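In what follows, a structure is listed as structure tokens, so that the remarks can point back to it.
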Amino acid sequence: MGWLDTVEYEYRYKCAEGHVSVFEQHDCDRQPRRCIECGESAEYDGFNPLHLLLRGKVAYEKNGRKAFRITDGNGNVRHVSATKEHYMETGDIKPSYTPGYAKALKETGREDLLAAQSRDEIIASRKEASKAKVEIARKMKKAKDAHAKQS
Ligand SMILES: [Zn+2]
């Protein structure tokens, strides 16, 4: 028994009148059922696609840099570089590259370039964060002013 066995599918049944009835069940023997709307016999018509809202973090690499694909469980997906992820969690700047790419950069003496790229990325995310802070402060002031006006 796997977790898939506990999933209920939505099975569609159609009667002669064209009403569609949906039944949630684990599996389906495809026997005719009663139409929910008119009570007449309804034939099996197929099943609805199952939307799995999984939460997860998948590591991948792009152009020698490590990144994550993060799924929040509500259907939202975001991509974040490992460098940025590390900075957000620890506040430290630690470039995250694949071993092969890091080695190639070392061999060609372009390590400085790597560090600079990470710095630029961190600076950009800091700017993003302070912009968000300013926006929150502006909204709070607006709410405070509105409250003061009321009383
Ligand atoms: Zn019907």
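Residue names in the structure tokens use chain letters A, B, ... in the order shown, residue numbers from 1 in each chain, and ligand numbers from 1 in the order shown.
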Go through chain A and flag each residue having an atom no more than 9 Å from ligand 1; for those, report the closest pair of atoms plus their distance in Å to one decimal, using only C-alpha atoms and all ligand atoms, ordered by chain and rising number, as a tab-separated table.
residue	atom	partner	partner_atom_place_in_ligand_line	distance
A:Lys14	CA	ligand 1	1 (Zn)	7.0
A:Cys15	CA	ligand 1	1 (Zn)	4.7
A:Ala16	CA	ligand 1	1 (Zn)	6.5
A:Glu17	CA	ligand 1	1 (Zn)	5.2
A:Gly18	CA	ligand 1	1 (Zn)	6.2
A:His19	CA	ligand 1	1 (Zn)	4.5
A:Val20	CA	ligand 1	1 (Zn)	7.1
A:Ser21	CA	ligand 1	1 (Zn)	7.9
A:Arg34	CA	ligand 1	1 (Zn)	8.0
A:Cys35	CA	ligand 1	1 (Zn)	4.7
A:Ile36	CA	ligand 1	1 (Zn)	6.6
A:Glu37	CA	ligand 1	1 (Zn)	5.0
A:Cys38	CA	ligand 1	1 (Zn)	4.2
A:Gly39	CA	ligand 1	1 (Zn)	6.1
A:Glu40	CA	ligand 1	1 (Zn)	5.6
A:Ser41	CA	ligand 1	1 (Zn)	7.4
A:Ala42	CA	ligand 1	1 (Zn)	6.9
| A:Cys28: which residues within 12 Å, counting only C-alpha atoms, same-chain residues fewer than 6 positions away excluded, as a PyMOL selection string? | chain A and resi 8-13+22+43-47
| request: Based on DSSP run over this structure's backbone, return all residues of chain A in alpha helix (DSSP H), as a ChimeraX atom specification. | output: /A:82-90,99-107,111-150
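The interatomic distance for the pair atom CA of A:Thr83 and atom CA of A:Val134 works out to 24.7 Å.
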| message | Which residues are near stretch 93-108 of chain A? Cut-off 6 Å, only C-alpha atoms, ignore same chain within fewer than 4 positions. Put them as a ChimeraX atom specification. | response | /A:64-66,82-83,87,118
| Those in chain A with strand (DSSP E or B) from DSSP, as a VMD selection string | chain A and resid 9 to 15 20 to 25 33 to 34 41 to 47 55 to 62 65 to 72 77 to 81 97
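Here atom CA of A:His147 is placed at a distance of 21.0 Å from atom CA of A:Lys133.
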